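Undergrad: Just dropping this structure here.
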Amino acid sequence: MCVSARALIKLDELELAESRVKSASKLYPDFPKPHEILGQICARRGEKEQAAEAFAMAITLDPTSPDTHMKLGMALMGLGKTEEAEKAIDESKRLNPNRDLISKAAQFESDGDIASAENIYRQILRRDPDNVEVLRLLAAVALSKYYYRDAEILLQKAVDCAPEFVRARADLISVQLERDQFDDALKNAELLLRFDNHQVESYLLLASAFASAGRHEDSIDSYEKVLDLVPGHGGALTGLGNMLKTVGQYEQAVDAYKACIAANPDFAEAYWSLANLKTFRFEDGEVDTMKGLLEKDDLPPDSYAQLCNALGLEYENRKEYTSAFSFFERGNTVRRQSERYDPVATENFNDRSIDVFDSNLFSQRSSAGDPDGAPIFIVGLPRSGSTLIEQILASHSQVEGTHELSDLGRLAQSTLRNFNELEQFPDVLRKIEVESLVELGARYISRTRKYRGGRAHFIDKNPNNFVYIGFLKLILPNAKVIDARRHPLDSCLGSYKQLFARGQPFTYDMMELGEYYLQYSRLMDHWHKVLPDFVLGVRYEDIVANLEFEVRRILEFCGLPWEEGCLRFHETERAVKTASSQQVRQPIYSSSVNLWRNYEKHLNELIEVLQPELQKLPEVDRPPR
């Protein structure tokens, strides 16, 4: 009956689960497990008093269970009974036979020996599979290795065992957001609000979930609730500013960032967020403040990088390019230390892609894939004009913009599950059946439906999808692909000047950036060779020089009728999440063309690496030397 009740809890059949444990309790009044599970049911409903009473009864019947003491402590914490909660948690730790092992594992983690810590956590879970704290700790190990699916499974089990385990549920929400599981993240964020008496972190996570799901107004409301609870909260004010920027409320976004600085003068992210608007200008006093913050000994690396980037953008706006580059370089040197990037792995992946995706493969699979032609992919390198192209297309009545979706990459990696675990993508595609390609295309269409409204076409603007163009042709042969190009030096410099929230780890070192550009160009040349006419190349400089001609060319390639509104893209009201959000709300301008010339004396390393690409350009577009 108790096992059945726990399964029913997982299915959200709480009334039936409650009837099972109450029946079990009547049959065996001295059995503690039904009371413990009843406590979980009450906690799931947000009935904190009843949950605490049930856990307390379970402890009366069996005072030796560390897990039940921990669950009671969490329930009491939710009631604001801090002193009683701490006593229950302390008793749980005292009774826990694994406490010394957990301490030992923590020391291993502190020393950087993750493997030994993981072995200890697994050893504990073999004996005690429902140890919620160890489930959470092992999930953290999985996250350190970017094993998001494994972490989700562990954290889900932890909250199933202890619904009121706030920390585990908060971690679960973060993982689900990372995996673009917005509905699940929202559901858990709303559950978290029932258990978290303080609610600040819960509202912050709920705001992030709303933002990721594209529910921007709901996200703004959640950030404002945090500010009602804690006026001046730095994370809430910057999050609010980001959302206001996304929906085009520029002045209100500036006000939010400035309010954050007023309440938290050392909050580096707010300075960087202002600079990242691209159109904001700091006053001299604010510049001096940022420079002063850089001198602090206890400044975290992320904050250092944010301040350097903000100062670099400000000095660029002042046309003091040597100072600007110095700050970009300082910030990127620090940021690169926290990034994981292997240029050899990039080259090896491209080698295998060129080998696998040859003309023979496409001729053999010419009839494969789902025929749906709704998706329009915009690919390329960051800061190469992709957001501008997206805004132009999203101004058409038949097209809607979404954002940078991760679904294509996740589908590509999912092909590995059907083969030997030693296989790699894209090598597995040599063995894949035509029926599987059709199913993968249908899965992409199904997975992306949650981002769409009712228009015939939608845009997937993940620039990194250029590596999956061959896979895309196999599963969605009627999709449209646009390659956003820009002068190689402007493209690389634009990435170098941008501090990305995540991803793009190759952008913080000039040599790695140049080598990545060469690999990108090499792979795109291959796609044009084996898939002629499947990808349309669009140069940013050509859009600036002849907007109408390029817009007509883009619409014709996408099979869309001409609409004048695409020329007035800056008037289109829609959420834009990228760093160019404010720029694409302005008419076309040319100030970003050939911006590299202002930094040329600082780009020797990049120019040397990019020489093969630069030699392809007309002489007027090359560095004079």
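If you're wondering about the labels, chains in the structure tokens are A, B, ... by order shown, residues count from 1 in each chain, ligands from 1 in order shown.
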Taking the DSSP assignment computed from this structure's backbone, write out as a ChimeraX atom specification all residues of stretch 454-580 of chain A that belong to alpha helix (DSSP H).
TA: /A:469-475,488-496,510-530,540-545,547-557
Undergrad: Give me the residues within 7 Å of A:Gly234 as a list in words, counting only C-alpha atoms and dropping any in the same chain fewer than 2 places off.
TA: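 Contacts, with the query itself left out: Gly232, Ala236, Leu237, Thr238, Cys260, Asn264 and Phe267 of chain A.
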Undergrad: Of the residues A:Leu531, A:Leu493, A:Leu595, A:Leu411, which is the one nearest to A:Ile475, using only C-alpha atoms?
TA: A:Leu411
Undergrad: Please determine, counting only C-alpha atoms, which residue among A:Asp160, A:Arg167, A:Leu72, A:Arg330 has the shortest atom-to-atom distance to A:Asp12.
TA: A:Asp160
Undergrad: Using only C-alpha atoms, pick whichever of A:Arg502, A:Ser219, A:Tyr203, A:Ala256 has the shortest atom-to-atom distance to A:Glu339.
TA: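 Between A:Arg502, A:Ser219, A:Tyr203, A:Ala256, the residue approaching A:Glu339 most closely is A:Arg502.
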Undergrad: Pick out the residues sitting within 12 Å of A:Gln424, and hand them over as a JSON list (two decimals) with all heavy atoms, in the first residue's frame; count only C-alpha atoms, and ignore anything fewer than 6 positions along from it in its own chain.
TA:
[["chain", "number", "residue", "atom", "x", "y", "z"],
["A", 348, "ASN", "N", 38.19, 18.17, -35.19],
["A", 348, "ASN", "CA", 37.89, 16.75, -35.39],
["A", 348, "ASN", "C", 36.43, 16.53, -35.75],
["A", 348, "ASN", "O", 36.09, 15.71, -36.61],
["A", 348, "ASN", "CB", 38.25, 15.94, -34.15],
["A", 348, "ASN", "CG", 39.75, 15.81, -33.95],
["A", 348, "ASN", "OD1", 40.52, 15.98, -34.90],
["A", 348, "ASN", "ND2", 40.17, 15.49, -32.74],
["A", 349, "PHE", "N", 35.53, 17.27, -35.06],
["A", 349, "PHE", "CA", 34.10, 17.15, -35.36],
["A", 349, "PHE", "C", 33.83, 17.55, -36.81],
["A", 349, "PHE", "O", 33.07, 16.88, -37.53],
["A", 349, "PHE", "CB", 33.29, 18.01, -34.41],
["A", 349, "PHE", "CG", 31.81, 17.98, -34.66],
["A", 349, "PHE", "CD1", 31.02, 16.98, -34.12],
["A", 349, "PHE", "CD2", 31.21, 18.95, -35.46],
["A", 349, "PHE", "CE1", 29.65, 16.95, -34.37],
["A", 349, "PHE", "CE2", 29.85, 18.92, -35.71],
["A", 349, "PHE", "CZ", 29.06, 17.92, -35.16],
["A", 352, "ARG", "N", 34.96, 14.89, -39.28],
["A", 352, "ARG", "CA", 34.02, 13.77, -39.36],
["A", 352, "ARG", "C", 32.74, 14.17, -40.09],
["A", 352, "ARG", "O", 32.15, 13.38, -40.83],
["A", 352, "ARG", "CB", 33.71, 13.23, -37.96],
["A", 352, "ARG", "CG", 34.91, 12.51, -37.35],
["A", 352, "ARG", "CD", 34.58, 11.82, -36.03],
["A", 352, "ARG", "NE", 34.38, 12.76, -34.95],
["A", 352, "ARG", "CZ", 33.21, 13.04, -34.40],
["A", 352, "ARG", "NH1", 32.12, 12.43, -34.82],
["A", 352, "ARG", "NH2", 33.11, 13.90, -33.41],
["A", 353, "SER", "N", 32.30, 15.41, -39.89],
["A", 353, "SER", "CA", 31.10, 15.88, -40.58],
["A", 353, "SER", "C", 31.32, 15.92, -42.08],
["A", 353, "SER", "O", 30.45, 15.49, -42.87],
["A", 353, "SER", "CB", 30.72, 17.28, -40.07],
["A", 353, "SER", "OG", 30.31, 17.24, -38.73],
["A", 356, "VAL", "N", 31.36, 12.25, -43.30],
["A", 356, "VAL", "CA", 30.07, 11.56, -43.27],
["A", 356, "VAL", "C", 29.09, 12.16, -44.26],
["A", 356, "VAL", "O", 28.44, 11.45, -45.05],
["A", 356, "VAL", "CB", 29.47, 11.58, -41.85],
["A", 356, "VAL", "CG1", 28.03, 11.07, -41.86],
["A", 356, "VAL", "CG2", 30.32, 10.75, -40.90],
["A", 412, "ALA", "N", 19.99, 15.94, -32.69],
["A", 412, "ALA", "CA", 21.18, 15.33, -33.30],
["A", 412, "ALA", "C", 21.86, 14.39, -32.31],
["A", 412, "ALA", "O", 22.22, 13.26, -32.65],
["A", 412, "ALA", "CB", 22.14, 16.42, -33.77],
["A", 413, "GLN", "N", 22.03, 14.84, -31.09],
["A", 413, "GLN", "CA", 22.69, 14.00, -30.09],
["A", 413, "GLN", "C", 21.83, 12.81, -29.68],
["A", 413, "GLN", "O", 22.34, 11.77, -29.26],
["A", 413, "GLN", "CB", 23.05, 14.84, -28.87],
["A", 413, "GLN", "CG", 24.06, 15.95, -29.16],
["A", 413, "GLN", "CD", 25.33, 15.44, -29.82],
["A", 413, "GLN", "OE1", 25.87, 14.41, -29.43],
["A", 413, "GLN", "NE2", 25.81, 16.18, -30.81],
["A", 414, "SER", "N", 20.50, 12.94, -29.83],
["A", 414, "SER", "CA", 19.61, 11.84, -29.44],
["A", 414, "SER", "C", 19.78, 10.63, -30.35],
["A", 414, "SER", "O", 19.39, 9.52, -29.99],
["A", 414, "SER", "CB", 18.15, 12.29, -29.46],
["A", 414, "SER", "OG", 17.65, 12.39, -30.80],
["A", 415, "THR", "N", 20.35, 10.82, -31.54],
["A", 415, "THR", "CA", 20.56, 9.69, -32.45],
["A", 415, "THR", "C", 21.51, 8.66, -31.87],
["A", 415, "THR", "O", 21.51, 7.49, -32.28],
["A", 415, "THR", "CB", 21.10, 10.16, -33.81],
["A", 415, "THR", "OG1", 22.37, 10.81, -33.61],
["A", 415, "THR", "CG2", 20.14, 11.13, -34.48],
["A", 416, "LEU", "N", 22.33, 9.06, -30.89],
["A", 416, "LEU", "CA", 23.30, 8.14, -30.31],
["A", 416, "LEU", "C", 22.65, 7.06, -29.47],
["A", 416, "LEU", "O", 23.23, 6.01, -29.23],
["A", 416, "LEU", "CB", 24.30, 8.92, -29.44],
["A", 416, "LEU", "CG", 25.05, 10.06, -30.13],
["A", 416, "LEU", "CD1", 25.96, 10.76, -29.12],
["A", 416, "LEU", "CD2", 25.88, 9.53, -31.28],
["A", 417, "ARG", "N", 21.42, 7.31, -28.98],
["A", 417, "ARG", "CA", 20.80, 6.38, -28.05],
["A", 417, "ARG", "C", 20.46, 5.04, -28.69],
["A", 417, "ARG", "O", 20.31, 4.03, -28.01],
["A", 417, "ARG", "CB", 19.51, 7.00, -27.47],
["A", 417, "ARG", "CG", 19.77, 8.23, -26.62],
["A", 417, "ARG", "CD", 18.49, 8.85, -26.14],
["A", 417, "ARG", "NE", 18.72, 10.17, -25.59],
["A", 417, "ARG", "CZ", 17.83, 11.14, -25.60],
["A", 417, "ARG", "NH1", 16.64, 10.93, -26.12],
["A", 417, "ARG", "NH2", 18.11, 12.33, -25.09],
["A", 418, "ASN", "N", 20.32, 5.03, -30.01],
["A", 418, "ASN", "CA", 19.89, 3.82, -30.68],
["A", 418, "ASN", "C", 21.06, 2.92, -31.10],
["A", 418, "ASN", "O", 20.85, 1.88, -31.72],
["A", 418, "ASN", "CB", 19.06, 4.17, -31.92],
["A", 418, "ASN", "CG", 17.83, 4.97, -31.56],
["A", 418, "ASN", "OD1", 17.21, 4.70, -30.54],
["A", 418, "ASN", "ND2", 17.49, 5.95, -32.36],
["A", 430, "ARG", "N", 25.39, 7.08, -40.69],
["A", 430, "ARG", "CA", 25.63, 6.11, -41.76],
["A", 430, "ARG", "C", 24.71, 4.89, -41.62],
["A", 430, "ARG", "O", 24.41, 4.21, -42.58],
["A", 430, "ARG", "CB", 27.09, 5.66, -41.75],
["A", 430, "ARG", "CG", 28.10, 6.72, -42.19],
["A", 430, "ARG", "CD", 29.45, 6.07, -42.44],
["A", 430, "ARG", "NE", 30.43, 7.01, -42.94],
["A", 430, "ARG", "CZ", 31.40, 7.55, -42.22],
["A", 430, "ARG", "NH1", 31.49, 7.24, -40.93],
["A", 430, "ARG", "NH2", 32.27, 8.38, -42.74],
["A", 431, "LYS", "N", 24.29, 4.60, -40.38],
["A", 431, "LYS", "CA", 23.51, 3.40, -40.10],
["A", 431, "LYS", "C", 22.01, 3.67, -39.95],
["A", 431, "LYS", "O", 21.22, 2.74, -39.88],
["A", 431, "LYS", "CB", 24.01, 2.75, -38.80],
["A", 431, "LYS", "CG", 25.48, 2.39, -38.80],
["A", 431, "LYS", "CD", 25.88, 1.83, -37.45],
["A", 431, "LYS", "CE", 27.36, 1.48, -37.40],
["A", 431, "LYS", "NZ", 27.74, 0.95, -36.06]]
Undergrad: Counting only C-alpha atoms, which residue out of A:Val481, A:Ile432, A:Leu95, A:Leu11 sits closest to A:Lys461?
TA: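 For A:Lys461, the nearest of the candidates is A:Val481.
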Undergrad: Looking at A:Glu109, A:Asp288, A:Asp509, A:Glu515, which one is nearest to A:Leu307, with distances taken over only C-alpha atoms?
TA: A:Asp288
Undergrad: Find the residues near stretch 27-42 of chain A: any atom within 7 Å, counting only C-alpha atoms, skip ones fewer than 6 places away on the same chain, and give them as a count of residues only.
TA: 17
Undergrad: I'd like to know which of A:Leu513, A:Val535, A:Leu361, A:Cys308 is closest to A:Phe466, using only C-alpha atoms.
TA: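 Of A:Leu513, A:Val535, A:Leu361, A:Cys308, the one nearest A:Phe466, counting only C-alpha atoms, is A:Val535.
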Undergrad: Fewer than 6 positions away in the same chain doesn't count, so skip those; otherwise give me all residues within 8 Å of A:Leu381, counting only C-alpha atoms, as a PyMOL selection string.
TA: chain A and resi 463-464+484-485+491+517+520
Undergrad: Need the shell around A:Asp490: protein/DNA/RNA residues with any atom at most 9 Å away, counting only C-alpha atoms. Skip same-chain ones fewer than 6 positions apart. Format as a PDB file with N, CA, C and O atoms, in the first residue's frame?
TA:
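Once written, selection29.pdb looks like this:
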ATOM      1  N   ARG A 383      27.110  37.809 -33.533  1.00  0.00           N
ATOM      2  CA  ARG A 383      27.393  39.207 -33.845  1.00  0.00           C
ATOM      3  C   ARG A 383      27.689  39.415 -35.327  1.00  0.00           C
ATOM      4  O   ARG A 383      28.540  40.215 -35.714  1.00  0.00           O
ATOM      5  N   SER A 384      26.975  38.652 -36.180  1.00  0.00           N
ATOM      6  CA  SER A 384      27.198  38.764 -37.625  1.00  0.00           C
ATOM      7  C   SER A 384      25.957  39.219 -38.376  1.00  0.00           C
ATOM      8  O   SER A 384      25.874  39.066 -39.589  1.00  0.00           O
ATOM      9  N   SER A 592      28.534  50.244 -37.835  1.00  0.00           N
ATOM     10  CA  SER A 592      29.200  49.003 -37.439  1.00  0.00           C
ATOM     11  C   SER A 592      29.968  48.348 -38.588  1.00  0.00           C
ATOM     12  O   SER A 592      30.624  47.331 -38.383  1.00  0.00           O
ATOM     13  N   VAL A 593      29.846  48.915 -39.782  1.00  0.00           N
ATOM     14  CA  VAL A 593      30.581  48.369 -40.924  1.00  0.00           C
ATOM     15  C   VAL A 593      32.040  48.810 -40.841  1.00  0.00           C
ATOM     16  O   VAL A 593      32.340  49.992 -40.623  1.00  0.00           O
ATOM     17  N   ASN A 594      32.957  47.856 -40.989  1.00  0.00           N
ATOM     18  CA  ASN A 594      34.402  48.127 -40.925  1.00  0.00           C
ATOM     19  C   ASN A 594      34.827  48.736 -39.594  1.00  0.00           C
ATOM     20  O   ASN A 594      35.793  49.513 -39.536  1.00  0.00           O
ATOM     21  N   LEU A 595      34.142  48.376 -38.534  1.00  0.00           N
ATOM     22  CA  LEU A 595      34.546  48.854 -37.213  1.00  0.00           C
ATOM     23  C   LEU A 595      35.942  48.343 -36.852  1.00  0.00           C
ATOM     24  O   LEU A 595      36.661  48.966 -36.077  1.00  0.00           O
ATOM     25  N   TRP A 596      36.342  47.213 -37.421  1.00  0.00           N
ATOM     26  CA  TRP A 596      37.648  46.613 -37.129  1.00  0.00           C
ATOM     27  C   TRP A 596      38.800  47.555 -37.415  1.00  0.00           C
ATOM     28  O   TRP A 596      39.876  47.440 -36.801  1.00  0.00           O
ATOM     29  N   ARG A 597      38.621  48.496 -38.385  1.00  0.00           N
ATOM     30  CA  ARG A 597      39.724  49.395 -38.744  1.00  0.00           C
ATOM     31  C   ARG A 597      40.162  50.247 -37.544  1.00  0.00           C
ATOM     32  O   ARG A 597      41.332  50.628 -37.439  1.00  0.00           O
TER      33      ARG A 597
END
